[in-house]
Every structure is written in C-alpha cells, then in structure tokens.
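A.B. asks: If it helps, the file is called data-v8.pdb and holds PDB, C-alpha atoms and all ligand atoms:
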```
ATOM      1  CA  MET A1360      -4.718 -33.868  16.085  1.00  0.00           C
ATOM      2  CA  GLU A1361      -6.642 -33.400  19.371  1.00  0.00           C
ATOM      3  CA  ASN A1362     -10.385 -32.637  19.055  1.00  0.00           C
ATOM      4  CA  GLY A1363     -10.026 -33.055  15.301  1.00  0.00           C
ATOM      5  CA  ALA A1364      -9.035 -29.367  15.031  1.00  0.00           C
ATOM      6  CA  ALA A1365      -7.152 -28.316  11.934  1.00  0.00           C
ATOM      7  CA  PRO A1366      -3.546 -27.320  12.599  1.00  0.00           C
ATOM      8  CA  THR A1367      -3.235 -23.553  12.717  1.00  0.00           C
ATOM      9  CA  ALA A1368      -0.507 -22.032  10.576  1.00  0.00           C
ATOM     10  CA  PRO A1369       1.722 -19.582  12.440  1.00  0.00           C
ATOM     11  CA  ALA A1370       0.823 -15.912  11.869  1.00  0.00           C
ATOM     12  CA  VAL A1371       2.947 -14.449   9.138  1.00  0.00           C
ATOM     13  CA  ILE A1372       3.603 -10.793   8.341  1.00  0.00           C
ATOM     14  CA  VAL A1373       4.205 -10.015   4.677  1.00  0.00           C
ATOM     15  CA  ALA A1374       5.371  -6.588   3.437  1.00  0.00           C
ATOM     16  CA  ILE A1375       4.813  -5.834  -0.259  1.00  0.00           C
ATOM     17  CA  ASP A1376       6.336  -2.585  -1.501  1.00  0.00           C
ATOM     18  CA  GLY A1377       6.902  -1.008  -4.878  1.00  0.00           C
ATOM     19  CA  PRO A1378       5.742   1.808  -7.140  1.00  0.00           C
ATOM     20  CA  SER A1379       2.237   1.999  -8.612  1.00  0.00           C
ATOM     21  CA  GLY A1380       1.291  -0.107 -11.615  1.00  0.00           C
ATOM     22  CA  THR A1381       3.394  -3.104 -10.598  1.00  0.00           C
ATOM     23  CA  GLY A1382       0.342  -5.177  -9.637  1.00  0.00           C
ATOM     24  CA  LYS A1383       0.882  -4.587  -5.913  1.00  0.00           C
ATOM     25  CA  SER A1384      -2.770  -4.255  -4.868  1.00  0.00           C
ATOM     26  CA  SER A1385      -4.134  -7.103  -6.991  1.00  0.00           C
ATOM     27  CA  THR A1386      -1.299  -9.390  -5.886  1.00  0.00           C
ATOM     28  CA  SER A1387      -1.510  -8.481  -2.198  1.00  0.00           C
ATOM     29  CA  LYS A1388      -5.293  -8.963  -2.034  1.00  0.00           C
ATOM     30  CA  ALA A1389      -5.199 -12.292  -3.858  1.00  0.00           C
ATOM     31  CA  VAL A1390      -2.314 -13.659  -1.774  1.00  0.00           C
ATOM     32  CA  ALA A1391      -4.048 -12.644   1.465  1.00  0.00           C
ATOM     33  CA  ALA A1392      -7.365 -14.187   0.350  1.00  0.00           C
ATOM     34  CA  GLN A1393      -5.707 -17.399  -0.782  1.00  0.00           C
ATOM     35  CA  LEU A1394      -3.760 -17.842   2.468  1.00  0.00           C
ATOM     36  CA  GLY A1395      -6.446 -16.655   4.907  1.00  0.00           C
ATOM     37  CA  LEU A1396      -4.518 -13.542   5.938  1.00  0.00           C
ATOM     38  CA  SER A1397      -5.708  -9.993   6.586  1.00  0.00           C
ATOM     39  CA  TYR A1398      -4.885  -7.302   4.030  1.00  0.00           C
ATOM     40  CA  LEU A1399      -3.937  -3.663   4.470  1.00  0.00           C
ATOM     41  CA  ASP A1400      -3.715  -1.101   1.645  1.00  0.00           C
ATOM     42  CA  THR A1401      -1.572   1.650   3.162  1.00  0.00           C
ATOM     43  CA  GLY A1402      -1.849   3.813   0.036  1.00  0.00           C
ATOM     44  CA  ALA A1403      -5.598   4.018   0.723  1.00  0.00           C
ATOM     45  CA  GLN A1404      -4.802   5.411   4.182  1.00  0.00           C
ATOM     46  CA  TYR A1405      -2.569   8.149   2.722  1.00  0.00           C
ATOM     47  CA  ARG A1406      -5.261   8.868   0.157  1.00  0.00           C
ATOM     48  CA  ALA A1407      -7.879   9.047   2.938  1.00  0.00           C
ATOM     49  CA  ILE A1408      -5.917  11.588   4.982  1.00  0.00           C
ATOM     50  CA  THR A1409      -5.337  13.575   1.762  1.00  0.00           C
ATOM     51  CA  TRP A1410      -9.074  13.509   0.989  1.00  0.00           C
ATOM     52  CA  TRP A1411      -9.768  14.788   4.513  1.00  0.00           C
ATOM     53  CA  MET A1412      -7.186  17.631   4.175  1.00  0.00           C
ATOM     54  CA  VAL A1413      -8.660  18.727   0.832  1.00  0.00           C
ATOM     55  CA  ASN A1414     -12.209  18.600   2.253  1.00  0.00           C
ATOM     56  CA  ALA A1415     -11.189  20.516   5.363  1.00  0.00           C
ATOM     57  CA  GLY A1416      -9.776  23.295   3.173  1.00  0.00           C
ATOM     58  CA  ILE A1417      -6.179  22.775   4.367  1.00  0.00           C
ATOM     59  CA  ASP A1418      -3.613  24.359   2.042  1.00  0.00           C
ATOM     60  CA  ILE A1419      -1.799  21.347   0.521  1.00  0.00           C
ATOM     61  CA  ASP A1420       1.186  23.570  -0.308  1.00  0.00           C
ATOM     62  CA  ASP A1421       1.654  24.388   3.379  1.00  0.00           C
ATOM     63  CA  PRO A1422       3.420  21.472   5.156  1.00  0.00           C
ATOM     64  CA  GLN A1423       3.007  23.187   8.541  1.00  0.00           C
ATOM     65  CA  ALA A1424      -0.758  23.390   8.120  1.00  0.00           C
ATOM     66  CA  ILE A1425      -0.833  19.720   7.108  1.00  0.00           C
ATOM     67  CA  ALA A1426       1.340  18.771  10.089  1.00  0.00           C
ATOM     68  CA  ALA A1427      -0.894  20.685  12.508  1.00  0.00           C
ATOM     69  CA  ALA A1428      -3.984  18.826  11.262  1.00  0.00           C
ATOM     70  CA  ALA A1429      -2.400  15.375  10.882  1.00  0.00           C
ATOM     71  CA  ALA A1430      -3.891  13.894  14.063  1.00  0.00           C
ATOM     72  CA  LYS A1431      -7.447  15.145  13.455  1.00  0.00           C
ATOM     73  CA  PRO A1432      -8.985  12.659  10.989  1.00  0.00           C
ATOM     74  CA  HIS A1433     -10.053   9.273  12.371  1.00  0.00           C
ATOM     75  CA  ILE A1434      -9.097   6.648   9.790  1.00  0.00           C
ATOM     76  CA  VAL A1435     -10.426   3.098   9.950  1.00  0.00           C
ATOM     77  CA  SER A1436      -9.285   0.358   7.535  1.00  0.00           C
ATOM     78  CA  GLY A1437     -11.249  -2.860   7.062  1.00  0.00           C
ATOM     79  CA  THR A1438      -8.744  -5.661   6.440  1.00  0.00           C
ATOM     80  CA  ASP A1439     -10.821  -8.412   4.804  1.00  0.00           C
ATOM     81  CA  PRO A1440      -9.042  -9.011   1.447  1.00  0.00           C
ATOM     82  CA  GLU A1441     -12.403  -9.913  -0.158  1.00  0.00           C
ATOM     83  CA  LYS A1442     -13.875  -6.512   0.723  1.00  0.00           C
ATOM     84  CA  PRO A1443     -11.336  -4.024   2.090  1.00  0.00           C
ATOM     85  CA  THR A1444     -12.884  -0.792   3.355  1.00  0.00           C
ATOM     86  CA  ILE A1445     -11.637   2.675   4.233  1.00  0.00           C
ATOM     87  CA  MET A1446     -13.510   5.191   6.383  1.00  0.00           C
ATOM     88  CA  VAL A1447     -12.639   8.673   7.598  1.00  0.00           C
ATOM     89  CA  ASP A1448     -14.644  10.080  10.510  1.00  0.00           C
ATOM     90  CA  GLY A1449     -17.319   7.467   9.792  1.00  0.00           C
ATOM     91  CA  ILE A1450     -17.580   8.299   6.065  1.00  0.00           C
ATOM     92  CA  ASP A1451     -16.947   5.613   3.433  1.00  0.00           C
ATOM     93  CA  VAL A1452     -14.279   7.205   1.209  1.00  0.00           C
ATOM     94  CA  ALA A1453     -13.444   4.208  -1.008  1.00  0.00           C
ATOM     95  CA  ALA A1454     -14.580   6.038  -4.153  1.00  0.00           C
ATOM     96  CA  PRO A1455     -13.527   9.669  -3.498  1.00  0.00           C
ATOM     97  CA  ILE A1456      -9.932   8.700  -2.592  1.00  0.00           C
ATOM     98  CA  ARG A1457      -9.434   7.445  -6.187  1.00  0.00           C
ATOM     99  CA  THR A1458     -10.237  10.781  -7.862  1.00  0.00           C
ATOM    100  CA  GLN A1459      -7.620  12.655  -9.861  1.00  0.00           C
ATOM    101  CA  GLU A1460      -7.781  15.479  -7.306  1.00  0.00           C
ATOM    102  CA  VAL A1461      -6.661  13.200  -4.463  1.00  0.00           C
ATOM    103  CA  THR A1462      -4.150  11.296  -6.635  1.00  0.00           C
ATOM    104  CA  SER A1463      -2.415  14.528  -7.624  1.00  0.00           C
ATOM    105  CA  GLN A1464      -2.138  15.767  -3.992  1.00  0.00           C
ATOM    106  CA  VAL A1465      -1.292  12.558  -2.117  1.00  0.00           C
ATOM    107  CA  SER A1466       2.482  12.736  -2.610  1.00  0.00           C
ATOM    108  CA  ALA A1467       2.638  16.193  -1.008  1.00  0.00           C
ATOM    109  CA  VAL A1468       0.525  15.159   1.988  1.00  0.00           C
ATOM    110  CA  SER A1469       2.290  11.826   2.517  1.00  0.00           C
ATOM    111  CA  ALA A1470       5.706  13.538   2.510  1.00  0.00           C
ATOM    112  CA  VAL A1471       4.898  15.396   5.751  1.00  0.00           C
ATOM    113  CA  PRO A1472       6.617  13.599   8.690  1.00  0.00           C
ATOM    114  CA  GLU A1473       3.705  14.187  11.119  1.00  0.00           C
ATOM    115  CA  VAL A1474       1.345  12.510   8.645  1.00  0.00           C
ATOM    116  CA  ARG A1475       3.693   9.550   8.278  1.00  0.00           C
ATOM    117  CA  ALA A1476       4.066   9.221  12.053  1.00  0.00           C
ATOM    118  CA  GLN A1477       0.272   9.063  12.524  1.00  0.00           C
ATOM    119  CA  ILE A1478      -0.312   6.594   9.710  1.00  0.00           C
ATOM    120  CA  THR A1479       2.695   4.420  10.591  1.00  0.00           C
ATOM    121  CA  GLU A1480       1.443   4.024  14.166  1.00  0.00           C
ATOM    122  CA  LEU A1481      -1.991   3.042  12.867  1.00  0.00           C
ATOM    123  CA  GLN A1482      -0.446   0.501  10.458  1.00  0.00           C
ATOM    124  CA  ARG A1483       1.645  -1.110  13.189  1.00  0.00           C
ATOM    125  CA  SER A1484      -1.355  -1.502  15.482  1.00  0.00           C
ATOM    126  CA  ILE A1485      -3.421  -3.085  12.690  1.00  0.00           C
ATOM    127  CA  ALA A1486      -0.592  -5.518  11.846  1.00  0.00           C
ATOM    128  CA  ALA A1487      -0.124  -6.426  15.511  1.00  0.00           C
ATOM    129  CA  SER A1488      -3.803  -7.289  15.937  1.00  0.00           C
ATOM    130  CA  ALA A1489      -4.067  -9.560  12.852  1.00  0.00           C
ATOM    131  CA  ALA A1490      -4.326 -12.981  14.486  1.00  0.00           C
ATOM    132  CA  GLN A1491      -3.640 -15.073  11.372  1.00  0.00           C
ATOM    133  CA  GLY A1492      -1.120 -12.654   9.920  1.00  0.00           C
ATOM    134  CA  ILE A1493      -1.404  -9.932   7.317  1.00  0.00           C
ATOM    135  CA  VAL A1494      -0.241  -8.753   3.910  1.00  0.00           C
ATOM    136  CA  VAL A1495       0.597  -5.044   4.090  1.00  0.00           C
ATOM    137  CA  GLU A1496       1.210  -3.215   0.826  1.00  0.00           C
ATOM    138  CA  GLY A1497       2.820   0.184   0.390  1.00  0.00           C
ATOM    139  CA  ARG A1498       6.084   2.006  -0.226  1.00  0.00           C
ATOM    140  CA  ASP A1499       7.953   1.866   3.100  1.00  0.00           C
ATOM    141  CA  ILE A1500       6.521  -1.210   4.795  1.00  0.00           C
ATOM    142  CA  GLY A1501       9.663  -3.365   4.657  1.00  0.00           C
ATOM    143  CA  THR A1502      12.022  -0.484   5.416  1.00  0.00           C
ATOM    144  CA  THR A1503      10.166   1.502   8.077  1.00  0.00           C
ATOM    145  CA  VAL A1504       6.725   0.329   9.152  1.00  0.00           C
ATOM    146  CA  LEU A1505       7.422  -3.394   9.697  1.00  0.00           C
ATOM    147  CA  PRO A1506      11.197  -3.893   9.473  1.00  0.00           C
ATOM    148  CA  ASP A1507      10.797  -7.288  11.212  1.00  0.00           C
ATOM    149  CA  ALA A1508       8.253  -8.630   8.687  1.00  0.00           C
ATOM    150  CA  ASP A1509       8.624 -12.368   8.009  1.00  0.00           C
ATOM    151  CA  LEU A1510       8.753 -11.786   4.267  1.00  0.00           C
ATOM    152  CA  LYS A1511       9.475  -8.639   2.262  1.00  0.00           C
ATOM    153  CA  ILE A1512       8.676  -8.409  -1.434  1.00  0.00           C
ATOM    154  CA  PHE A1513       9.603  -5.494  -3.684  1.00  0.00           C
ATOM    155  CA  LEU A1514       7.617  -5.447  -6.929  1.00  0.00           C
ATOM    156  CA  THR A1515       9.008  -3.609  -9.940  1.00  0.00           C
ATOM    157  CA  ALA A1516       7.996  -3.283 -13.611  1.00  0.00           C
ATOM    158  CA  SER A1517       9.089  -1.191 -16.570  1.00  0.00           C
ATOM    159  CA  PRO A1518       7.462   2.257 -16.840  1.00  0.00           C
ATOM    160  CA  GLU A1519       5.783   1.083 -20.071  1.00  0.00           C
ATOM    161  CA  ALA A1520       4.190  -1.967 -18.436  1.00  0.00           C
ATOM    162  CA  ARG A1521       3.069   0.094 -15.450  1.00  0.00           C
ATOM    163  CA  ALA A1522       1.551   2.886 -17.560  1.00  0.00           C
ATOM    164  CA  ALA A1523      -0.281   0.340 -19.725  1.00  0.00           C
ATOM    165  CA  ARG A1524      -1.774  -1.336 -16.629  1.00  0.00           C
ATOM    166  CA  ARG A1525      -2.765   1.945 -14.987  1.00  0.00           C
ATOM    167  CA  SER A1526      -4.420   3.346 -18.113  1.00  0.00           C
ATOM    168  CA  GLY A1527      -6.335   0.071 -18.442  1.00  0.00           C
ATOM    169  CA  GLU A1528      -7.533   0.484 -14.834  1.00  0.00           C
ATOM    170  CA  LEU A1529      -8.503   4.088 -15.552  1.00  0.00           C
ATOM    171  CA  LYS A1530     -10.690   2.862 -18.435  1.00  0.00           C
ATOM    172  CA  GLY A1531      -8.850   3.994 -21.516  1.00  0.00           C
ATOM    173  CA  ALA A1532      -6.895   6.968 -20.139  1.00  0.00           C
ATOM    174  CA  ASP A1533      -4.085   8.087 -22.453  1.00  0.00           C
ATOM    175  CA  VAL A1534      -0.969   5.920 -21.873  1.00  0.00           C
ATOM    176  CA  HIS A1535       1.514   8.766 -22.407  1.00  0.00           C
ATOM    177  CA  SER A1536      -0.015  11.121 -19.877  1.00  0.00           C
ATOM    178  CA  THR A1537      -0.536   8.219 -17.457  1.00  0.00           C
ATOM    179  CA  ARG A1538       3.159   7.335 -17.794  1.00  0.00           C
ATOM    180  CA  ALA A1539       4.201  10.953 -17.162  1.00  0.00           C
ATOM    181  CA  ALA A1540       1.940  11.282 -14.084  1.00  0.00           C
ATOM    182  CA  LEU A1541       3.137   7.949 -12.716  1.00  0.00           C
ATOM    183  CA  LEU A1542       6.833   8.812 -13.104  1.00  0.00           C
ATOM    184  CA  LYS A1543       6.245  12.205 -11.489  1.00  0.00           C
ATOM    185  CA  ARG A1544       4.574  10.582  -8.467  1.00  0.00           C
ATOM    186  CA  ASP A1545       7.351   7.938  -8.208  1.00  0.00           C
ATOM    187  CA  ALA A1546      10.022  10.636  -8.280  1.00  0.00           C
ATOM    188  CA  ALA A1547       8.247  12.522  -5.468  1.00  0.00           C
ATOM    189  CA  ASP A1548       7.680   9.345  -3.423  1.00  0.00           C
ATOM    190  CA  SER A1549      11.285   8.155  -3.894  1.00  0.00           C
ATOM    191  CA  SER A1550      13.000  11.449  -3.175  1.00  0.00           C
ATOM    192  CA  ARG A1551      11.111  12.629  -0.082  1.00  0.00           C
ATOM    193  CA  LYS A1552      13.100  12.779   3.157  1.00  0.00           C
ATOM    194  CA  ALA A1553      10.648  10.893   5.399  1.00  0.00           C
ATOM    195  CA  SER A1554      10.729   7.128   4.647  1.00  0.00           C
ATOM    196  CA  PRO A1555      10.832   7.213   0.847  1.00  0.00           C
ATOM    197  CA  LEU A1556       9.791   4.431  -1.517  1.00  0.00           C
ATOM    198  CA  ALA A1557      12.727   2.034  -1.216  1.00  0.00           C
ATOM    199  CA  LYS A1558      13.603  -1.642  -1.393  1.00  0.00           C
ATOM    200  CA  ALA A1559      14.686  -3.129   1.926  1.00  0.00           C
ATOM    201  CA  ASP A1560      18.076  -4.884   1.788  1.00  0.00           C
ATOM    202  CA  ASP A1561      16.441  -8.182   2.708  1.00  0.00           C
ATOM    203  CA  ALA A1562      13.479  -7.877   0.290  1.00  0.00           C
ATOM    204  CA  VAL A1563      12.932 -10.288  -2.603  1.00  0.00           C
ATOM    205  CA  GLU A1564      12.649  -8.277  -5.823  1.00  0.00           C
ATOM    206  CA  VAL A1565      10.138  -9.505  -8.403  1.00  0.00           C
ATOM    207  CA  ASP A1566      10.013  -7.826 -11.833  1.00  0.00           C
ATOM    208  CA  THR A1567       6.403  -8.200 -13.000  1.00  0.00           C
ATOM    209  CA  SER A1568       6.823  -6.644 -16.500  1.00  0.00           C
ATOM    210  CA  ASP A1569       6.547  -9.949 -18.359  1.00  0.00           C
ATOM    211  CA  LEU A1570       4.518 -11.935 -15.834  1.00  0.00           C
ATOM    212  CA  THR A1571       0.763 -12.392 -15.694  1.00  0.00           C
ATOM    213  CA  LEU A1572      -0.996 -11.450 -12.476  1.00  0.00           C
ATOM    214  CA  GLN A1573      -1.574 -15.145 -11.814  1.00  0.00           C
ATOM    215  CA  GLN A1574       2.157 -15.848 -12.115  1.00  0.00           C
ATOM    216  CA  VAL A1575       3.028 -13.069  -9.670  1.00  0.00           C
ATOM    217  CA  ILE A1576       0.416 -14.333  -7.190  1.00  0.00           C
ATOM    218  CA  GLU A1577       1.769 -17.891  -7.413  1.00  0.00           C
ATOM    219  CA  CYS A1578       5.322 -16.674  -6.916  1.00  0.00           C
ATOM    220  CA  VAL A1579       4.413 -14.709  -3.767  1.00  0.00           C
ATOM    221  CA  VAL A1580       2.171 -17.483  -2.365  1.00  0.00           C
ATOM    222  CA  THR A1581       5.089 -19.933  -2.716  1.00  0.00           C
ATOM    223  CA  LEU A1582       7.434 -17.546  -0.908  1.00  0.00           C
ATOM    224  CA  VAL A1583       4.931 -17.057   1.948  1.00  0.00           C
ATOM    225  CA  GLU A1584       4.362 -20.803   2.282  1.00  0.00           C
ATOM    226  CA  GLU A1585       8.115 -21.391   2.478  1.00  0.00           C
ATOM    227  CA  LYS A1586       8.401 -18.806   5.260  1.00  0.00           C
ATOM    228  CA  ARG A1587       5.462 -20.301   7.134  1.00  0.00           C
ATOM    229  CA  ALA A1588       6.945 -23.800   6.889  1.00  0.00           C
ATOM    230  CA  ALA A1589      10.239 -22.525   8.295  1.00  0.00           C
ATOM    231  CA  LYS A1590       8.575 -20.824  11.319  1.00  0.00           C
TER     232      LYS A1590
HETATM  233  O1  LIG B   1      -0.517   2.854  -3.638  1.00  0.00           O
HETATM  234  P1  LIG B   1      -1.219   4.181  -3.961  1.00  0.00           P
HETATM  235  O2  LIG B   1      -0.941   4.678  -5.336  1.00  0.00           O
HETATM  236  O3  LIG B   1      -2.675   4.141  -3.654  1.00  0.00           O
HETATM  237  O4  LIG B   1      -0.547   5.204  -2.943  1.00  0.00           O
HETATM  238  C1  LIG B   1      -0.912   6.547  -2.927  1.00  0.00           C
HETATM  239  C2  LIG B   1       0.225   7.423  -2.443  1.00  0.00           C
HETATM  240  O5  LIG B   1       0.456   7.198  -1.057  1.00  0.00           O
HETATM  241  C3  LIG B   1       1.569   7.206  -3.129  1.00  0.00           C
HETATM  242  O6  LIG B   1       1.771   8.168  -4.138  1.00  0.00           O
HETATM  243  C4  LIG B   1       2.586   7.381  -2.043  1.00  0.00           C
HETATM  244  C5  LIG B   1       1.827   7.284  -0.756  1.00  0.00           C
HETATM  245  N1  LIG B   1       2.205   6.120   0.030  1.00  0.00           N
HETATM  246  C6  LIG B   1       3.261   6.257   0.890  1.00  0.00           C
HETATM  247  O7  LIG B   1       3.874   7.304   0.930  1.00  0.00           O
HETATM  248  N2  LIG B   1       3.602   5.232   1.711  1.00  0.00           N
HETATM  249  C7  LIG B   1       2.942   4.072   1.668  1.00  0.00           C
HETATM  250  N3  LIG B   1       3.287   3.078   2.500  1.00  0.00           N
HETATM  251  C8  LIG B   1       1.865   3.901   0.758  1.00  0.00           C
HETATM  252  C9  LIG B   1       1.525   4.947  -0.064  1.00  0.00           C
END
```
Could you show the structure in this file as structure tokens?
C.D. replies:
Amino acid sequence: MENGAAPTAPAVIVAIDGPSGTGKSSTSKAVAAQLGLSYLDTGAQYRAITWWMVNAGIDIDDPQAIAAAAAKPHIVSGTDPEKPTIMVDGIDVAAPIRTQEVTSQVSAVSAVPEVRAQITELQRSIAASAAQGIVVEGRDIGTTVLPDADLKIFLTASPEARAARRSGELKGADVHSTRAALLKRDAADSSRKASPLAKADDAVEVDTSDLTLQQVIECVVTLVEEKRAAK
C-alpha cells in the first residue's frame, strides 16, 4: 500500500426497515458504529416535524394545515452512530420527540405526502453526503427513499416480542397496552397511501423474535461485509 495508508472500504448504503420493537434502532446504530458508517434515524425526523407541528399549534387532524406548514421547520440530523442528534430550528429535541404526545400523533403527520416529500429529500441529501457510507433506518427506505441501496434489510418480530421490548424500553409500561398501541401505529403506517411501511422485493428479511440483539447485529454486519467485498 502506497504511503502506508490503510485501504479504504467502498462506501456502502444500507437500508434497514421494519415496524417498531424489532430492534431496528439498536441494530442500525451498532452496525454503523462497528463498520465506521454514518447513521440516520428517519423516525426521529418524522417525530421532530410532528413535535414542531404540535408546538406551532397546527391542527393534527387537518392534513391541509400540515401540508401547508411542512416546509417551515428546519430539521438537522447528526449522523454519528455514537451520539446521533436531532435539532429543529436550532433546538435539541432528542427528549421531547419521545413523549407519548408526539408518539400518538406521528403517524397522522407522517402520512401527509408534503411532509414525506420534504423529509425524503432531506434523507437523500444526507445519504449522498456520507463519505464512508451510511445505515439508514425507517419504514420506506428500501422501497422509496433509497431504492438503489447496496443492502436492504427488513426486520420483523412477533407482536409479543415487540411489545415486551418496547415496554422494557418505556421502563415497565404495561405490555398489553403497549402491544395495542404498537399494532395501531403499525396498521396506520402500513395502510397509508404515501410510501407505507413495506418490505422491498430485494430486501433480506430477518425475524428477530428469538434472536439476541448481538445475534442480529452480527447477522447484519456479515451481510454488509459481503456486499462491501463484492463492490
Ligand atoms: O421508528 P419510530 O417509531 O421512531 O418512527 C416514528 C414514526 O415515524 C412511525 O410511526 C412512522 C413514521 N416513519 C415513517 O413514516 N417513515 C420512516 N421512514 C420512519 C418513520
């Protein structure tokens, strides 16, 4: 190797989609950190625009009002997998976007096509500027946002496994109500007209119900390394 420089791996774009509670965020962050890639949590962006709409007093039941305001908030995502950040109009919203209020409204806001158009454009520009490559997690990354991604993963898990994980994350929340809320959000996300939650035809499906997080991470890391080697 000239100048003793380490060989640089080709940039690789990885799309990880699936419903909530499948281990998507933990897996995506760990894979990106392990492989030196950037990381983008697209759910955080939809949560951020929802937080802004709620704060601005926009009627969440009025898709036209949401559409008219869709271009107003300035959303900035930090893509370091060790410390991802999310800002709206210069405000750090990492904590407020995880409140129940935002969680219960995000499906309605993210179903509005003008919102999706804004956020999709932002996601594509972030992916294009990631020099080493990026892991992008969401619901429509493999199907709509980055249809030419090098690797597409679709994570699934049984509703029971997902509810158990989510209630653990929410520090002891009731599993039954968590399961009901999760299934309601999935149904809304899967049935909306504008780029619903869906598995791309060329995605690798991984059922995480009976796997540990470490096993899922290893599985995805192996798949990414195979893709990189073939580039
Ligand atoms: O991954 P999450 O639970 O933080 O996502 C929050 C919501 O954002 C989810 O209910 C659906 C929406 N979302 C979306 O519509 N498209 C994406 N690519 C990511 C999230």
A.B. asks: So what does the PyMOL selection byres (((not hetatm)) within 6 of (chain B and resi 1)) actually pick up in this one, as a PyMOL selection string?
C.D. replies: chain A and resi 1379+1401-1403+1405-1406+1465-1466+1469+1497-1500+1544+1548
A.B. asks: Output the residue selection produced by the PyMOL selection byres (((chain A and resi 1570) around 12) and not hetatm) on the file above, formatted as a list in words.
C.D. replies: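 That selection, the PyMOL selection byres (((chain A and resi 1570) around 12) and not hetatm), comes back as Thr1381, Gly1382, Thr1386, Leu1514, Thr1515, Ala1516, Ser1517, Ala1520, Val1565, Asp1566, Thr1567, Ser1568, Asp1569, Thr1571, Leu1572, Gln1573, Gln1574, Val1575, Ile1576, Glu1577 and Cys1578 of chain A.
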A.B. asks: Residues at most 9 Å from A:Ala1557, counting all atoms listed in the file, excluding those fewer than 6 positions away in the same chain, as a short mmCIF file (atom, residue, chain, number, x, y, z; two decimals) with C-alpha atoms, keeping the file's coordinate frame?
C.D. replies:
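Everything below was put into result-v1.cif:
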```
data_model
loop_
_atom_site.label_atom_id
_atom_site.label_comp_id
_atom_site.auth_asym_id
_atom_site.auth_seq_id
_atom_site.Cartn_x
_atom_site.Cartn_y
_atom_site.Cartn_z
CA ASP A 1376 6.34 -2.58 -1.50
CA GLY A 1377 6.90 -1.01 -4.88
CA ARG A 1498 6.08 2.01 -0.23
CA ASP A 1499 7.95 1.87 3.10
CA GLY A 1501 9.66 -3.36 4.66
CA THR A 1502 12.02 -0.48 5.42
CA PHE A 1513 9.60 -5.49 -3.68
CA SER A 1549 11.28 8.15 -3.89
#
```
A.B. asks: Please indicate the distance in Å from atom CA of A:Val1494 to atom CA of A:Ile1425, rounded to one decimal place.
C.D. replies: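 Rounded to one decimal, the two atoms are 28.7 Å apart.
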A.B. asks: I'd like to see the residues matched by the PyMOL selection byres (((chain A and resi 1452) around 12) and not hetatm) on this file, and ideally I'd get them as a PyMOL selection string.
C.D. replies: chain A and resi 1403-1411+1414+1434-1436+1443-1451+1453-1458+1461
A.B. asks: Provide the atom CA of A:Thr1462 to atom CA of A:Gly1380 distance in Å, to one decimal place.
C.D. replies: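 These two atoms are separated by 13.6 Å.
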A.B. asks: Using all atoms listed in the file, which of A:Ala1430, A:Val1373, A:Ala1392, A:Ala1489 sits nearest A:Leu1582?
C.D. replies: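 When distances to A:Leu1582 are compared using all atoms listed in the file, the smallest one comes from A:Val1373.
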A.B. asks: Between A:His1535, A:His1433, A:Arg1525, A:Arg1483, which is the closest to A:Pro1506 once you count all atoms listed in the file?
C.D. replies: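 When distances to A:Pro1506 are compared using all atoms listed in the file, the smallest one comes from A:Arg1483.
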A.B. asks: Could you please determine the separation between atom CA of A:Val1474 and atom CA of A:Gln1459 in Å, to one decimal place?
C.D. replies: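 That distance, rounded to one decimal, is 20.6 Å.
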A.B. asks: Nearest to A:Lys1442 among A:Glu1528, A:Asp1507, A:Asp1400, A:Glu1460, with distances taken over all atoms listed in the file: which residue is it?
C.D. replies: A:Asp1400
A.B. asks: Using all atoms listed in the file, pick whichever of A:Ser1554, A:Ser1536, A:Gln1477, A:Ser1488 has the shortest atom-to-atom distance to A:Thr1503.
C.D. replies: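 Checking each candidate against A:Thr1503, we get A:Ser1554 as the closest.
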A.B. asks: Between A:Leu1399, A:Leu1394, A:Ala1470, A:Ala1539, single out the one closest to A:Gln1423, counting all atoms listed in the file.
C.D. replies: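 Of the candidates, the smallest distance to A:Gln1423 is held by A:Ala1470.
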A.B. asks: Which polymer residues have any atom within 9 Å of an atom of A:Arg1587, counting only C-alpha atoms, with same-chain residues fewer than 3 positions away left out, as a CSV table (one decimal) with C-alpha atoms, in the coordinates of the input?
C.D. replies:
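Just written: out15.csv:
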```csv
chain,number,residue,atom,x,y,z
A,1368,ALA,CA,-0.5,-22.0,10.6
A,1369,PRO,CA,1.7,-19.6,12.4
A,1370,ALA,CA,0.8,-15.9,11.9
A,1371,VAL,CA,2.9,-14.4,9.1
A,1509,ASP,CA,8.6,-12.4,8.0
A,1582,LEU,CA,7.4,-17.5,-0.9
A,1583,VAL,CA,4.9,-17.1,1.9
A,1584,GLU,CA,4.4,-20.8,2.3
A,1590,LYS,CA,8.6,-20.8,11.3
```
